[in-house]
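Step one of this worksheet: look at the structure below.
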Amino acid sequence: MGDEIVFSVSQEEDGGFAAECLSHDIFTQADTWDELRSNVREAINGYFFDGPKPRNVRLHFVKNEVFATA
């Protein structure tokens, strides 16, 4: 197991957050950033319950914004 895994985080239309791991089949959602961090930790513990866990988690927030030019 590597020292770090990365989650791509996006903000949902309802204001909540969704996090998807880029290297493992792990996905979670939350209403707030603090809740998301807790849910990611819980999801990692569940996914790696029978083996070594990554030392660090990187939450990479992706903002996709569209706006008019005129």
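Ordering of the structure tokens sets the chain letters (A, B, ...); residue numbers start at 1 within each chain; ligands are numbered from 1 in the order shown.
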**Request:** Within 10 Å of Pro54 (chain A), counting only C-alpha atoms, which residues show up once you throw out same-chain ones fewer than 3 positions away? Write them as a PyMOL selection string, please.
**Result:** chain A and resi 1-5+44-45+48+51+57
Produce a file of the selected residues containing N, CA, C and O atoms, as a PDB file, in the first residue's frame.
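Generated output (selection.pdb):
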```pdb
ATOM      1  N   MET A   1       0.851  -1.181   0.000  1.00  0.00           N
ATOM      2  CA  MET A   1       0.000   0.000   0.000  1.00  0.00           C
ATOM      3  C   MET A   1       0.885   1.229   0.000  1.00  0.00           C
ATOM      4  O   MET A   1       1.837   1.310   0.760  1.00  0.00           O
ATOM      5  N   GLY A   2       0.554   2.198  -0.846  1.00  0.00           N
ATOM      6  CA  GLY A   2       1.303   3.444  -0.899  1.00  0.00           C
ATOM      7  C   GLY A   2       1.042   4.307   0.323  1.00  0.00           C
ATOM      8  O   GLY A   2       0.152   4.033   1.119  1.00  0.00           O
ATOM      9  N   ASP A   3       1.819   5.353   0.453  1.00  0.00           N
ATOM     10  CA  ASP A   3       1.678   6.246   1.592  1.00  0.00           C
ATOM     11  C   ASP A   3       0.487   7.182   1.471  1.00  0.00           C
ATOM     12  O   ASP A   3       0.019   7.718   2.463  1.00  0.00           O
ATOM     13  N   GLU A   4      -0.016   7.412   0.244  1.00  0.00           N
ATOM     14  CA  GLU A   4      -1.070   8.400   0.056  1.00  0.00           C
ATOM     15  C   GLU A   4      -2.062   7.943  -1.003  1.00  0.00           C
ATOM     16  O   GLU A   4      -1.673   7.361  -2.011  1.00  0.00           O
ATOM     17  N   ILE A   5      -3.343   8.210  -0.759  1.00  0.00           N
ATOM     18  CA  ILE A   5      -4.358   8.034  -1.792  1.00  0.00           C
ATOM     19  C   ILE A   5      -5.050   9.380  -1.995  1.00  0.00           C
ATOM     20  O   ILE A   5      -5.105  10.219  -1.094  1.00  0.00           O
ATOM     21  N   ILE A  44     -12.416   4.726   4.163  1.00  0.00           N
ATOM     22  CA  ILE A  44     -11.077   4.129   4.052  1.00  0.00           C
ATOM     23  C   ILE A  44     -10.911   3.004   5.060  1.00  0.00           C
ATOM     24  O   ILE A  44     -10.401   1.927   4.727  1.00  0.00           O
ATOM     25  N   ASN A  45     -11.338   3.243   6.288  1.00  0.00           N
ATOM     26  CA  ASN A  45     -11.244   2.199   7.313  1.00  0.00           C
ATOM     27  C   ASN A  45     -12.049   0.962   6.915  1.00  0.00           C
ATOM     28  O   ASN A  45     -11.608  -0.164   7.136  1.00  0.00           O
ATOM     29  N   PHE A  48     -10.189  -0.809   3.765  1.00  0.00           N
ATOM     30  CA  PHE A  48      -8.923  -1.455   4.131  1.00  0.00           C
ATOM     31  C   PHE A  48      -9.013  -2.163   5.479  1.00  0.00           C
ATOM     32  O   PHE A  48      -8.022  -2.280   6.195  1.00  0.00           O
ATOM     33  N   GLY A  51      -6.356  -4.961   6.005  1.00  0.00           N
ATOM     34  CA  GLY A  51      -4.994  -4.760   5.523  1.00  0.00           C
ATOM     35  C   GLY A  51      -4.471  -3.395   5.900  1.00  0.00           C
ATOM     36  O   GLY A  51      -5.155  -2.613   6.570  1.00  0.00           O
ATOM     37  N   VAL A  57      -4.211  10.963   3.168  1.00  0.00           N
ATOM     38  CA  VAL A  57      -5.288  11.108   2.200  1.00  0.00           C
ATOM     39  C   VAL A  57      -5.236  12.528   1.670  1.00  0.00           C
ATOM     40  O   VAL A  57      -5.152  13.481   2.439  1.00  0.00           O
TER      41      VAL A  57
END
```
**Item:** Within 7 Å of Phe17 (chain A) using only C-alpha atoms, minus same-chain residues under 2 positions, as a PyMOL selection string
**Value:** chain A and resi 9-12+15+19+29-32+36
Just-selected residues, N, CA, C and O atoms written as a PDB file, in the first residue's frame:
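Final output, part.pdb:
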```
ATOM      1  N   VAL A   9     -12.751  15.614  -5.216  1.00  0.00           N
ATOM      2  CA  VAL A   9     -13.929  16.108  -4.516  1.00  0.00           C
ATOM      3  C   VAL A   9     -14.614  17.160  -5.373  1.00  0.00           C
ATOM      4  O   VAL A   9     -13.966  18.071  -5.892  1.00  0.00           O
ATOM      5  N   SER A  10     -15.914  17.019  -5.521  1.00  0.00           N
ATOM      6  CA  SER A  10     -16.692  18.020  -6.249  1.00  0.00           C
ATOM      7  C   SER A  10     -17.871  18.456  -5.394  1.00  0.00           C
ATOM      8  O   SER A  10     -18.332  17.713  -4.526  1.00  0.00           O
ATOM      9  N   GLN A  11     -18.326  19.680  -5.646  1.00  0.00           N
ATOM     10  CA  GLN A  11     -19.482  20.179  -4.917  1.00  0.00           C
ATOM     11  C   GLN A  11     -20.736  19.842  -5.701  1.00  0.00           C
ATOM     12  O   GLN A  11     -20.808  20.063  -6.911  1.00  0.00           O
ATOM     13  N   GLU A  12     -21.714  19.293  -5.020  1.00  0.00           N
ATOM     14  CA  GLU A  12     -22.970  18.901  -5.637  1.00  0.00           C
ATOM     15  C   GLU A  12     -23.860  20.123  -5.831  1.00  0.00           C
ATOM     16  O   GLU A  12     -23.665  21.153  -5.188  1.00  0.00           O
ATOM     17  N   GLY A  15     -25.287  21.698  -2.796  1.00  0.00           N
ATOM     18  CA  GLY A  15     -24.353  22.298  -1.859  1.00  0.00           C
ATOM     19  C   GLY A  15     -23.484  21.305  -1.121  1.00  0.00           C
ATOM     20  O   GLY A  15     -22.496  21.679  -0.516  1.00  0.00           O
ATOM     21  N   ALA A  19     -16.948  12.669  -2.935  1.00  0.00           N
ATOM     22  CA  ALA A  19     -15.522  12.346  -3.021  1.00  0.00           C
ATOM     23  C   ALA A  19     -15.352  10.959  -3.615  1.00  0.00           C
ATOM     24  O   ALA A  19     -15.967   9.998  -3.150  1.00  0.00           O
ATOM     25  N   GLN A  29     -20.174  10.704   0.221  1.00  0.00           N
ATOM     26  CA  GLN A  29     -20.784  12.022   0.092  1.00  0.00           C
ATOM     27  C   GLN A  29     -21.020  12.609   1.475  1.00  0.00           C
ATOM     28  O   GLN A  29     -21.056  11.881   2.459  1.00  0.00           O
ATOM     29  N   ALA A  30     -21.233  13.945   1.529  1.00  0.00           N
ATOM     30  CA  ALA A  30     -21.532  14.609   2.794  1.00  0.00           C
ATOM     31  C   ALA A  30     -22.117  15.990   2.517  1.00  0.00           C
ATOM     32  O   ALA A  30     -21.952  16.541   1.428  1.00  0.00           O
ATOM     33  N   ASP A  31     -22.757  16.534   3.533  1.00  0.00           N
ATOM     34  CA  ASP A  31     -23.346  17.873   3.419  1.00  0.00           C
ATOM     35  C   ASP A  31     -22.330  18.979   3.670  1.00  0.00           C
ATOM     36  O   ASP A  31     -22.450  20.068   3.116  1.00  0.00           O
ATOM     37  N   THR A  32     -21.320  18.713   4.511  1.00  0.00           N
ATOM     38  CA  THR A  32     -20.320  19.726   4.843  1.00  0.00           C
ATOM     39  C   THR A  32     -18.922  19.162   4.624  1.00  0.00           C
ATOM     40  O   THR A  32     -18.732  17.941   4.532  1.00  0.00           O
ATOM     41  N   LEU A  36     -17.518  15.446   5.308  1.00  0.00           N
ATOM     42  CA  LEU A  36     -16.876  14.709   4.219  1.00  0.00           C
ATOM     43  C   LEU A  36     -15.563  14.091   4.689  1.00  0.00           C
ATOM     44  O   LEU A  36     -15.287  12.925   4.414  1.00  0.00           O
TER      45      LEU A  36
END
```
**For Phe7 (chain A), the nearest of the candidates A:Arg58, A:Phe49, A:Asp25, A:Glu42, counting only C-alpha atoms** =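 When distances to Phe7 (chain A) are compared using only C-alpha atoms, the smallest one comes from A:Arg58.
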**All alpha helix (DSSP H) residues (DSSP, backbone) inside chain A, as a list in words** =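 Of chain A, the ones in alpha helix (DSSP H) are Trp33, Asp34, Glu35, Leu36, Arg37, Ser38, Asn39, Val40, Arg41, Glu42, Ala43, Ile44, Asn45, Gly46 and Tyr47 of chain A.
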**Item:** Length of the CA of Arg41 (chain A) to CA of Val62 (chain A) vector [Å]
**Value:**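 If I compute the distance from CA of Arg41 (chain A) to CA of Val62 (chain A), I get 19.3 Å.
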**Complete:** From CA of Phe67 (chain A) to CA of Glu35 (chain A) the spacing works out at 29.3 Å
